[in-house]
$ cat protein00.txt   # compact mmCIF, C-alpha atoms
# COMPACT_ATOMS: atom_id res chain seq x y z
CA MET A 1248 -35.46 -3.67 -26.72
CA GLY A 1249 -37.31 -3.53 -23.40
CA LEU A 1250 -35.37 -2.92 -20.22
CA PHE A 1251 -36.36 -6.27 -18.69
CA LEU A 1252 -35.04 -8.13 -21.74
CA LEU A 1253 -31.88 -6.04 -21.67
CA LEU A 1254 -31.20 -6.97 -18.05
CA ALA A 1255 -31.83 -10.64 -18.82
CA LEU A 1256 -29.36 -10.60 -21.70
CA LEU A 1257 -26.78 -8.94 -19.50
CA GLY A 1258 -27.11 -11.75 -17.00
CA ILE A 1259 -28.07 -9.51 -14.09
CA ASP A 1260 -31.55 -10.79 -13.36
CA GLY A 1261 -30.51 -11.94 -9.88
CA ALA A 1262 -29.44 -15.41 -11.00
CA ASN A 1263 -25.97 -14.89 -9.54
CA ALA A 1264 -27.27 -14.00 -6.10
CA GLY A 1265 -26.82 -17.64 -5.02
CA ILE A 1266 -23.06 -17.73 -5.73
CA HIS A 1267 -20.83 -17.33 -2.67
CA SER A 1268 -17.06 -17.42 -2.34
CA LEU A 1269 -14.31 -17.98 0.22
CA ILE A 1270 -10.91 -16.57 -0.72
CA TYR A 1271 -7.55 -16.57 1.05
CA GLN A 1272 -4.94 -14.15 -0.28
CA ALA A 1273 -1.36 -14.36 1.00
CA THR A 1274 1.80 -12.42 0.21
CA ALA A 1275 5.33 -13.41 1.15
CA SER A 1276 7.86 -10.64 0.56
CA SER A 1277 11.55 -9.86 0.87
CA GLY A 1278 13.38 -6.54 0.90
CA VAL A 1279 10.24 -4.57 1.90
CA HIS A 1280 11.07 -2.50 4.95
CA HIS A 1281 8.53 -1.78 7.70
CA PHE A 1282 6.14 -4.39 6.31
CA PRO A 1283 5.51 -7.97 7.51
CA GLU A 1284 7.33 -10.68 5.56
CA TYR A 1285 4.11 -12.63 5.34
CA VAL A 1286 0.48 -11.50 5.32
CA GLU A 1287 -2.72 -13.47 4.76
CA VAL A 1288 -6.33 -12.32 4.72
CA GLY A 1289 -9.53 -14.30 4.41
CA LEU A 1290 -12.56 -12.96 2.56
CA VAL A 1291 -16.06 -14.36 2.42
CA ASP A 1292 -18.18 -12.80 -0.33
CA ASP A 1293 -15.57 -10.00 -0.58
CA VAL A 1294 -15.79 -9.23 3.16
CA VAL A 1295 -12.50 -9.47 5.08
CA PHE A 1296 -13.12 -11.69 8.12
CA SER A 1297 -9.59 -12.73 9.20
CA HIS A 1298 -6.03 -11.40 9.14
CA TYR A 1299 -2.64 -12.95 9.87
CA ASP A 1300 0.86 -11.55 9.56
CA SER A 1301 4.38 -12.60 10.50
CA ASN A 1302 4.65 -9.88 13.13
CA SER A 1303 1.71 -10.93 15.28
CA ARG A 1304 1.86 -14.61 14.24
CA ARG A 1305 -1.81 -14.89 15.17
CA VAL A 1306 -5.04 -15.05 13.18
CA GLU A 1307 -7.20 -12.12 14.17
CA PRO A 1308 -10.97 -11.94 13.47
CA LYS A 1309 -12.04 -8.81 11.62
CA GLN A 1310 -15.82 -8.96 11.99
CA ASP A 1311 -17.89 -8.82 15.15
CA TRP A 1312 -19.95 -11.82 14.10
CA MET A 1313 -16.77 -13.91 14.32
CA THR A 1314 -17.17 -13.75 18.11
CA ARG A 1315 -20.18 -16.03 17.90
CA LEU A 1316 -18.22 -18.49 15.76
CA THR A 1317 -15.25 -18.60 18.14
CA ASP A 1318 -17.58 -18.95 21.15
CA ASP A 1319 -19.13 -22.04 19.55
CA ASP A 1320 -15.77 -23.32 18.27
CA PRO A 1321 -13.07 -22.25 20.77
CA GLU A 1322 -10.28 -23.98 18.82
CA TYR A 1323 -11.07 -22.21 15.56
CA LEU A 1324 -8.52 -19.39 15.80
CA GLU A 1325 -5.80 -21.73 17.07
CA ARG A 1326 -6.33 -24.11 14.12
CA GLU A 1327 -6.24 -21.24 11.65
CA THR A 1328 -3.13 -19.82 13.30
CA ARG A 1329 -1.28 -23.15 12.99
CA ARG A 1330 -2.28 -23.38 9.34
CA CYS A 1331 -1.05 -19.86 8.60
CA ARG A 1332 2.27 -20.50 10.37
CA ASP A 1333 2.79 -23.66 8.31
CA ASP A 1334 1.88 -21.79 5.12
CA GLN A 1335 4.23 -18.95 6.02
CA ARG A 1336 7.13 -21.36 6.46
CA SER A 1337 6.52 -23.34 3.26
CA ARG A 1338 5.90 -20.26 1.11
CA LYS A 1339 8.99 -18.44 2.35
CA ASN A 1340 11.00 -21.57 1.49
CA LEU A 1341 9.42 -21.68 -1.98
CA MET A 1342 10.20 -18.01 -2.48
CA ARG A 1343 13.89 -18.58 -1.73
CA GLU A 1344 13.96 -21.44 -4.26
CA VAL A 1345 12.32 -19.31 -6.93
CA GLN A 1346 14.78 -16.48 -6.33
CA LYS A 1347 17.63 -18.88 -7.03
CA ARG A 1348 16.00 -19.99 -10.29
CA PHE A 1349 15.79 -16.37 -11.39
CA ASN A 1350 19.41 -15.82 -10.25
CA GLN A 1351 18.29 -13.18 -7.75
CA THR A 1352 20.28 -12.48 -4.62
CA GLY A 1353 18.59 -9.37 -3.26
CA GLY A 1354 16.08 -6.64 -3.93
CA VAL A 1355 12.32 -6.46 -3.42
CA HIS A 1356 10.39 -9.60 -4.37
CA THR A 1357 6.95 -11.02 -3.65
CA LEU A 1358 5.25 -14.40 -3.83
CA GLN A 1359 1.47 -14.14 -3.91
CA VAL A 1360 -0.78 -17.12 -3.27
CA THR A 1361 -4.54 -17.28 -3.71
CA HIS A 1362 -6.70 -20.27 -2.93
CA SER A 1363 -10.46 -20.11 -3.09
CA CYS A 1364 -13.71 -21.92 -3.61
CA GLU A 1365 -17.13 -20.78 -4.69
CA ARG A 1366 -20.48 -22.51 -4.53
CA ASP A 1367 -23.65 -21.94 -6.50
CA ASN A 1368 -26.45 -22.59 -4.03
CA GLU A 1369 -28.98 -23.03 -6.83
CA THR A 1370 -27.07 -25.66 -8.84
CA GLY A 1371 -24.80 -27.04 -6.12
CA GLU A 1372 -21.77 -26.56 -8.40
CA VAL A 1373 -18.46 -26.07 -6.59
CA ARG A 1374 -15.37 -24.54 -8.16
CA GLY A 1375 -11.91 -24.30 -6.61
CA HIS A 1376 -8.74 -22.42 -7.47
CA TYR A 1377 -5.11 -22.39 -6.34
CA GLN A 1378 -2.73 -19.88 -7.91
CA TYR A 1379 0.82 -18.64 -7.35
CA ALA A 1380 2.36 -15.45 -8.72
CA TYR A 1381 5.95 -14.25 -8.39
CA ASP A 1382 6.80 -10.56 -8.62
CA GLY A 1383 3.34 -9.88 -10.01
CA GLN A 1384 3.58 -12.46 -12.81
CA ASP A 1385 1.77 -15.82 -13.05
CA PHE A 1386 3.89 -18.69 -11.79
CA LEU A 1387 1.78 -21.79 -11.08
CA SER A 1388 -1.91 -22.63 -11.18
CA TRP A 1389 -3.84 -25.72 -10.16
CA ASP A 1390 -6.02 -27.72 -12.53
CA LEU A 1391 -8.65 -29.30 -10.32
CA LYS A 1392 -9.94 -31.57 -13.12
CA THR A 1393 -6.60 -33.22 -13.89
CA LEU A 1394 -5.03 -32.77 -10.44
CA THR A 1395 -1.94 -31.27 -12.05
CA TRP A 1396 -0.11 -27.95 -11.92
CA ILE A 1397 0.29 -25.59 -14.87
CA ALA A 1398 3.66 -23.81 -15.12
CA ALA A 1399 3.48 -20.25 -16.46
CA ASN A 1400 7.21 -19.99 -17.15
CA GLN A 1401 10.37 -22.08 -17.32
CA GLN A 1402 11.37 -21.29 -13.74
CA ALA A 1403 8.15 -22.93 -12.51
CA VAL A 1404 8.66 -26.24 -14.34
CA ASP A 1405 10.75 -27.90 -11.62
CA THR A 1406 8.13 -27.11 -8.98
CA LYS A 1407 5.37 -28.34 -11.29
CA HIS A 1408 7.06 -31.74 -11.75
CA GLN A 1409 7.75 -32.03 -8.03
CA TRP A 1410 4.18 -31.23 -7.03
CA ASP A 1411 2.61 -33.31 -9.82
CA ASN A 1412 4.43 -36.36 -8.44
CA ASP A 1413 3.20 -35.76 -4.89
CA GLU A 1414 -0.01 -37.77 -5.18
CA GLY A 1415 -0.90 -37.47 -1.50
CA ARG A 1416 -0.64 -33.68 -1.59
CA ASN A 1417 -2.75 -33.46 -4.72
CA LYS A 1418 -5.48 -35.67 -3.25
CA TYR A 1419 -5.56 -33.45 -0.19
CA LEU A 1420 -5.89 -30.30 -2.32
CA GLN A 1421 -8.76 -31.92 -4.20
CA TYR A 1422 -10.50 -32.73 -0.91
CA TYR A 1423 -9.79 -29.25 0.45
CA LEU A 1424 -11.17 -27.36 -2.55
CA LYS A 1425 -14.20 -29.56 -3.17
CA THR A 1426 -15.20 -30.51 0.38
CA HIS A 1427 -13.48 -28.66 3.23
CA CYS A 1428 -13.45 -25.18 1.69
CA PRO A 1429 -17.18 -25.21 0.72
CA ALA A 1430 -18.08 -26.48 4.20
CA HIS A 1431 -16.03 -23.70 5.77
CA LEU A 1432 -17.71 -21.21 3.46
CA LYS A 1433 -21.16 -22.38 4.55
CA LYS A 1434 -20.15 -22.07 8.21
CA LEU A 1435 -18.95 -18.49 7.75
CA LEU A 1436 -22.08 -17.54 5.83
CA ASP A 1437 -24.28 -18.97 8.57
CA TYR A 1438 -22.60 -16.85 11.23
CA GLY A 1439 -22.26 -13.69 9.16
CA LYS A 1440 -25.52 -13.90 7.26
CA SER A 1441 -27.08 -10.71 8.65
CA SER A 1442 -24.01 -8.71 7.64
CA ILE A 1443 -22.56 -10.45 4.60
CA GLN A 1444 -25.77 -11.26 2.75
CA ARG A 1445 -27.53 -7.96 3.29
CA THR A 1446 -28.44 -5.67 0.40
CA GLU A 1447 -28.39 -1.89 0.50
CA LEU A 1448 -29.50 0.28 -2.38
CA PRO A 1449 -27.59 3.46 -3.27
CA SER A 1450 -28.49 7.08 -3.71
CA VAL A 1451 -28.04 8.07 -7.36
CA SER A 1452 -27.07 11.55 -8.58
CA LEU A 1453 -26.50 13.16 -11.97
CA LEU A 1454 -23.43 15.42 -12.10
CA GLN A 1455 -21.73 17.57 -14.74
CA LYS A 1456 -18.64 19.70 -14.30
CA THR A 1457 -19.31 22.05 -17.24
CA PRO A 1458 -21.93 22.11 -20.03
CA SER A 1459 -19.42 20.43 -22.36
CA SER A 1460 -18.28 17.79 -19.85
CA PRO A 1461 -19.62 14.22 -19.75
CA ILE A 1462 -22.68 13.64 -17.60
CA VAL A 1463 -21.84 11.47 -14.61
CA CYS A 1464 -24.28 9.03 -13.06
CA HIS A 1465 -22.98 8.48 -9.54
CA ALA A 1466 -24.31 5.69 -7.29
CA THR A 1467 -23.08 5.51 -3.70
CA GLY A 1468 -23.95 3.65 -0.52
CA PHE A 1469 -24.72 0.24 -2.03
CA TYR A 1470 -23.84 -3.25 -0.82
CA PRO A 1471 -22.72 -5.81 -1.91
CA PRO A 1472 -20.15 -4.52 -4.42
CA ARG A 1473 -21.45 -6.82 -7.14
CA ALA A 1474 -23.43 -4.29 -9.13
CA LYS A 1475 -23.84 -2.93 -12.66
CA LEU A 1476 -24.22 0.70 -13.69
CA PHE A 1477 -24.80 1.69 -17.31
CA TRP A 1478 -26.63 4.11 -19.63
CA THR A 1479 -29.47 3.28 -22.01
CA LYS A 1480 -31.15 5.13 -24.85
CA ASP A 1481 -34.73 4.16 -25.59
CA GLY A 1482 -34.20 1.06 -23.42
CA GLU A 1483 -31.07 -0.16 -25.23
CA GLU A 1484 -27.68 -0.17 -23.54
CA LEU A 1485 -25.22 2.42 -24.82
CA HIS A 1486 -21.53 1.68 -25.39
CA ARG A 1487 -20.32 4.54 -27.56
CA GLY A 1488 -19.59 7.63 -25.52
CA VAL A 1489 -19.97 5.77 -22.22
CA THR A 1490 -17.20 5.15 -19.65
CA ILE A 1491 -17.89 2.79 -16.75
CA GLU A 1492 -15.56 3.29 -13.79
CA GLU A 1493 -14.60 0.63 -11.26
CA VAL A 1494 -16.38 0.04 -7.99
CA LEU A 1495 -14.71 1.90 -5.10
CA PRO A 1496 -15.08 1.35 -1.34
CA ASN A 1497 -16.61 3.86 1.04
CA PRO A 1498 -15.31 4.26 4.61
CA ASP A 1499 -18.55 2.89 6.07
CA GLY A 1500 -18.28 -0.48 4.30
CA THR A 1501 -20.53 0.36 1.36
CA TYR A 1502 -19.45 1.05 -2.22
CA GLN A 1503 -19.75 3.62 -5.00
CA MET A 1504 -19.31 3.70 -8.77
CA ARG A 1505 -19.79 6.07 -11.70
CA ALA A 1506 -20.83 5.87 -15.34
CA GLN A 1507 -19.99 8.78 -17.64
CA LEU A 1508 -22.07 9.68 -20.70
CA LYS A 1509 -20.76 11.92 -23.49
CA LEU A 1510 -23.77 13.07 -25.50
CA PRO A 1511 -22.98 13.04 -29.23
CA ASP A 1512 -25.64 15.70 -29.83
CA PRO A 1513 -26.47 17.93 -26.81
CA SER A 1514 -29.64 19.09 -28.57
CA GLU A 1515 -31.05 15.56 -28.51
CA ASP A 1516 -34.08 14.72 -26.37
CA TRP A 1517 -32.39 14.03 -23.04
CA GLU A 1518 -35.34 12.08 -21.64
CA ARG A 1519 -34.50 9.24 -24.02
CA PHE A 1520 -31.45 8.51 -21.85
CA THR A 1521 -31.61 6.57 -18.57
CA CYS A 1522 -28.99 5.61 -16.02
CA VAL A 1523 -29.58 2.04 -14.85
CA PHE A 1524 -28.24 0.61 -11.58
CA HIS A 1525 -28.70 -3.06 -10.79
CA LEU A 1526 -27.59 -4.70 -7.55
CA GLU A 1527 -26.97 -8.42 -7.37
CA GLY A 1528 -29.74 -10.09 -5.41
CA VAL A 1529 -32.28 -7.31 -6.04
CA GLU A 1530 -34.84 -8.03 -8.75
CA GLU A 1531 -35.68 -4.47 -9.79
CA ALA A 1532 -33.19 -1.98 -11.21
CA LEU A 1533 -32.98 1.67 -10.17
CA LEU A 1534 -33.75 3.92 -13.13
CA THR A 1535 -32.70 7.57 -13.26
CA LYS A 1536 -33.96 9.54 -16.24
CA LEU A 1537 -31.58 12.13 -17.69
CA ASP A 1538 -33.21 15.39 -16.61
CA LYS A 1539 -31.44 18.73 -17.13
CA GLU A 1540 -33.06 20.16 -14.03
CA ALA A 1541 -31.79 17.29 -11.86
CA ILE A 1542 -28.14 17.65 -12.89
CA LEU A 1543 -25.81 19.24 -10.37
CA THR A 1544 -23.08 21.27 -12.04
CA ASN A 1545 -20.38 23.79 -11.18
CA GLY A 1546 -22.83 26.44 -12.22
CA LYS A 1547 -25.27 25.55 -9.45
CA PRO A 1548 -25.36 27.58 -6.23
CA GLU A 1549 -22.80 26.33 -3.77
CA ASP A 1550 -25.41 25.51 -1.16
CA GLN A 1551 -26.67 22.65 -3.36
CA THR A 1552 -24.93 19.52 -2.22
CA VAL A 1553 -24.09 16.16 -3.70
CA PRO A 1554 -24.98 13.03 -1.76
CA ILE A 1555 -21.53 11.48 -1.76
CA VAL A 1556 -19.69 9.68 0.95
CA VAL A 1557 -16.14 9.95 -0.25
CA SER A 1558 -14.50 13.21 -1.29
CA VAL A 1559 -11.63 13.27 -3.75
CA ALA A 1560 -9.19 13.51 -0.87
CA ALA A 1561 -10.66 10.43 0.75
CA VAL A 1562 -10.49 8.49 -2.52
CA LEU A 1563 -6.81 9.36 -2.82
CA ILE A 1564 -6.25 8.12 0.71
CA ILE A 1565 -7.98 4.86 -0.14
CA PHE A 1566 -5.81 4.38 -3.20
CA THR A 1567 -2.72 5.03 -1.09
CA VAL A 1568 -3.78 2.51 1.50
CA ILE A 1569 -4.56 -0.08 -1.14
CA GLY A 1570 -1.14 0.60 -2.62
CA LEU A 1571 0.32 -0.47 0.70
CA TYR A 1572 -1.53 -3.73 0.15
CA TYR A 1573 -3.24 -4.91 3.32
CA CYS A 1574 -2.46 -2.02 5.63
CA SER A 1575 -6.12 -1.04 5.38
CA LEU A 1576 -7.22 -4.18 7.17
CA ALA A 1577 -7.16 -2.53 10.57
CA SER A 1578 -10.09 -0.38 9.52
CA VAL A 1579 -12.19 -3.31 8.40
CA GLY A 1580 -12.78 -4.98 11.73
CA THR A 1581 -16.17 -3.55 12.53
CA ASP A 1582 -19.33 -5.54 11.97
CA ARG A 1583 -21.02 -3.86 9.05
CA SER A 1584 -24.46 -4.57 10.37
CA THR A 1585 -23.78 -2.42 13.44
CA ARG A 1586 -22.44 0.41 11.33
CA ALA A 1587 -25.34 0.61 8.91
CA GLY A 1588 -27.19 3.09 11.10
CA LYS A 1589 -24.11 5.31 11.34
CA ARG A 1590 -23.53 5.71 7.62
CA GLN A 1591 -22.68 9.20 6.49
CA ARG A 1592 -24.35 9.27 3.12
CA ILE A 1593 -24.43 13.04 2.75
CA ASP A 1594 -21.52 15.37 3.34
CA SER A 1595 -23.12 18.76 3.90
CA ASN A 1596 -19.89 20.52 2.96
CA SER A 1597 -19.37 18.68 -0.33
CA SER A 1598 -20.21 20.08 -3.74
CA ALA A 1599 -20.35 18.78 -7.28
CA ILE A 1600 -16.90 20.26 -7.83
CA GLU A 1601 -15.38 17.82 -5.30
CA LEU A 1602 -16.54 14.76 -7.18
CA LEU A 1603 -15.94 16.08 -10.67
CA SER A 1604 -12.64 17.87 -10.15
CA ASP A 1605 -10.68 14.75 -11.14
CA ASN A 1606 -12.43 14.30 -14.48
$ encode --input "protein00.txt" --output "structure tokens"
Amino acid sequence: MGLFLLLALLGIDGANAGIHSLIYQATASSGVHHFPEYVEVGLVDDVVFSHYDSNSRRVEPKQDWMTRLTDDDPEYLERETRRCRDDQRSRKNLMREVQKRFNQTGGVHTLQVTHSCERDNETGEVRGHYQYAYDGQDFLSWDLKTLTWIAANQQAVDTKHQWDNDEGRNKYLQYYLKTHCPAHLKKLLDYGKSSIQRTELPSVSLLQKTPSSPIVCHATGFYPPRAKLFWTKDGEELHRGVTIEEVLPNPDGTYQMRAQLKLPDPSEDWERFTCVFHLEGVEEALLTKLDKEAILTNGKPEDQTVPIVVSVAAVLIIFTVIGLYYCSLASVGTDRSTRAGKRQRIDSNSSAIELLSDN
């Protein structure tokens, strides 16, 4: 099978480049010390653009391009702040009701709320979602077609019936998800276009810890995070012996990911294998042939470096910050377009051992 046909079958021929999303993620919590009782972040195409918490009680812009929006619409932040305060109050009340239904009187508990819309610019199709989760488990979800709520457990049934009978509220949610949210999404995209809708291709390296270890195809420095990385043999995608790892963030606002290949027969013709990277919105894929001479291993001289942005220590820090939920938001508030020229793609003190030591 040719590579072009393979990419078409995988659905990564760039057709999804016209899909954009606006997502609000909120968490109400109780019993969590030294953490706000309520936090909400807004993301447009996976880029955090706003942040609110119960400590500051203000919506704060997290991208430089938001300055242009607020200059043109001076009431924007005040409107968003009022909305977040109202949401904080109603969701904390709901959380107390849910705790009673679960017969809980104390401890650590969370209520997570996500509402979002996405629009396909090519077809004009709009999709909207509203979901609630309690203590990490599904609680309620909104069916936009029937204008009803779906209860995930018995404790959610009372709320479902109450909200199903609130016709005015349901009509508003329908309007919000199908009209207001897509219009807001378009507005944000217009102001943040140069940053949000940019594309940056990665540097790709082949790494191997030892001769018997899997061969790692490592792509770093790409944007947006919607990308695919996989191995092929004679143009056909491989599944057996291949491990695809999740996309991880870099400190400069770009992303990285890895695909591991375990060769079933090391004596096989290595040039039959290719690492393929495809970025959403970019027509052509990056192809990296498996070449023994190009692989960086622990056996290479230490002065040979690996073009990586994040060391193992940095990755661990990122995981820790993510584990603290939205504490990382303070580091997001720089316009990515102004940082592109400052990207540190190559750490001159890094080696292949740094990246491969956790395998």
$ residues_around --input "protein00.txt" --residues "stretch 1497-1509 of chain A" --least-positions-apart "5" --cutoff "6 Å" --atoms "all atoms listed in the file" --output "PyMOL selection string"
chain A and resi 1461-1470+1488-1492+1590
$ atom_distance --input "protein00.txt" --atom1 "atom CA of A:Val1306" --atom2 "atom CA of A:Glu1287"
8.9 Å
$ closest_residue --input "protein00.txt" --among "A:Asn1350, A:Ser1450, A:Gln1310, A:Thr1395" --to "A:Phe1296" --atoms "all atoms listed in the file"
A:Gln1310
$ atom_distance --input "protein00.txt" --atom1 "atom CA of A:Asp1293" --atom2 "atom CA of A:Cys1522"
25.7 Å
$ atom_distance --input "protein00.txt" --atom1 "atom CA of A:Leu1269" --atom2 "atom CA of A:Asn1412"
27.6 Å
$ closest_residue --input "protein00.txt" --among "A:Arg1305, A:Lys1433, A:Arg1487, A:Arg1473" --to "A:His1525" --atoms "all atoms listed in the file"
A:Arg1473
$ closest_residue --input "protein00.txt" --among "A:Glu1527, A:Asp1390, A:Glu1540, A:Asp1481" --to "A:Leu1448" --atoms "all atoms listed in the file"
A:Glu1527
$ closest_residue --input "protein00.txt" --among "A:Phe1282, A:Gln1272, A:Leu1533, A:Val1355" --to "A:Ala1380" --atoms "only C-alpha atoms"
A:Gln1272
$ closest_residue --input "protein00.txt" --among "A:Gly1528, A:Pro1308, A:Gly1383, A:Pro1458" --to "A:Thr1357" --atoms "only C-alpha atoms"
A:Gly1383
$ residues_near_point --input "protein00.txt" --point "(-8.7, -17.7, 1.5)" --cutoff "6 Å" --atoms "all atoms listed in the file" --output "ChimeraX atom specification"
/A:1269-1272,1289,1362-1363
$ axis_aligned_box --input "protein00.txt" --around "stretch 1314-1319 of chain A" --padding-each-side "3 Å" --output "AutoDock Vina command-line options"
--center_x -17.7 --center_y -17.9 --center_z 18.5 --size_x 10.9 --size_y 14.3 --size_z 11.4
$ closest_residue --input "protein00.txt" --among "A:His1298, A:Arg1336, A:Arg1315, A:Arg1366" --to "A:Ser1268" --atoms "all atoms listed in the file"
A:Arg1366
$ build_atoms --input "protein00.txt" --residues "stretch 1444-1461 of chain A" --atoms "N, CA, C and O atoms" --output "CSV table (one decimal), in the coordinates of the input"
chain,number,residue,atom,x,y,z
A,1444,GLN,N,-24.8,-11.0,3.8
A,1444,GLN,CA,-25.8,-11.3,2.8
A,1444,GLN,C,-26.9,-10.2,2.7
A,1444,GLN,O,-27.9,-10.4,2.1
A,1445,ARG,N,-26.6,-9.1,3.3
A,1445,ARG,CA,-27.5,-8.0,3.3
A,1445,ARG,C,-27.5,-7.3,1.9
A,1445,ARG,O,-26.5,-7.4,1.2
A,1446,THR,N,-28.5,-6.5,1.6
A,1446,THR,CA,-28.4,-5.7,0.4
A,1446,THR,C,-28.8,-4.3,0.8
A,1446,THR,O,-29.8,-4.1,1.6
A,1447,GLU,N,-28.1,-3.3,0.3
A,1447,GLU,CA,-28.4,-1.9,0.5
A,1447,GLU,C,-28.4,-1.1,-0.8
A,1447,GLU,O,-27.4,-1.2,-1.6
A,1448,LEU,N,-29.4,-0.5,-1.1
A,1448,LEU,CA,-29.5,0.3,-2.4
A,1448,LEU,C,-28.8,1.6,-2.2
A,1448,LEU,O,-28.8,2.2,-1.1
A,1449,PRO,N,-28.3,2.2,-3.3
A,1449,PRO,CA,-27.6,3.5,-3.3
A,1449,PRO,C,-28.5,4.7,-3.5
A,1449,PRO,O,-29.7,4.6,-3.8
A,1450,SER,N,-27.9,5.8,-3.2
A,1450,SER,CA,-28.5,7.1,-3.7
A,1450,SER,C,-27.8,7.4,-5.0
A,1450,SER,O,-26.6,7.1,-5.2
A,1451,VAL,N,-28.6,7.8,-6.0
A,1451,VAL,CA,-28.0,8.1,-7.4
A,1451,VAL,C,-28.2,9.6,-7.7
A,1451,VAL,O,-29.2,10.1,-7.5
A,1452,SER,N,-27.1,10.1,-8.2
A,1452,SER,CA,-27.1,11.6,-8.6
A,1452,SER,C,-26.6,11.7,-10.0
A,1452,SER,O,-25.7,10.9,-10.5
A,1453,LEU,N,-27.0,12.8,-10.7
A,1453,LEU,CA,-26.5,13.2,-12.0
A,1453,LEU,C,-25.6,14.4,-11.8
A,1453,LEU,O,-26.1,15.4,-11.2
A,1454,LEU,N,-24.4,14.3,-12.3
A,1454,LEU,CA,-23.4,15.4,-12.1
A,1454,LEU,C,-22.8,15.8,-13.4
A,1454,LEU,O,-22.7,15.0,-14.3
A,1455,GLN,N,-22.4,17.1,-13.5
A,1455,GLN,CA,-21.7,17.6,-14.7
A,1455,GLN,C,-20.8,18.7,-14.4
A,1455,GLN,O,-21.3,19.7,-13.8
A,1456,LYS,N,-19.6,18.7,-14.7
A,1456,LYS,CA,-18.6,19.7,-14.3
A,1456,LYS,C,-18.9,21.0,-15.1
A,1456,LYS,O,-19.0,22.1,-14.5
A,1457,THR,N,-19.0,20.9,-16.4
A,1457,THR,CA,-19.3,22.0,-17.2
A,1457,THR,C,-20.3,21.6,-18.3
A,1457,THR,O,-20.5,20.4,-18.5
A,1458,PRO,N,-21.0,22.5,-19.0
A,1458,PRO,CA,-21.9,22.1,-20.0
A,1458,PRO,C,-21.4,21.2,-21.1
A,1458,PRO,O,-22.1,20.5,-21.8
A,1459,SER,N,-20.0,21.3,-21.3
A,1459,SER,CA,-19.4,20.4,-22.4
A,1459,SER,C,-18.8,19.2,-21.8
A,1459,SER,O,-18.3,18.3,-22.5
A,1460,SER,N,-18.9,19.0,-20.5
A,1460,SER,CA,-18.3,17.8,-19.8
A,1460,SER,C,-19.2,16.6,-19.9
A,1460,SER,O,-20.5,16.8,-20.1
A,1461,PRO,N,-18.7,15.4,-19.8
A,1461,PRO,CA,-19.6,14.2,-19.8
A,1461,PRO,C,-20.6,14.3,-18.6
A,1461,PRO,O,-20.3,14.9,-17.5
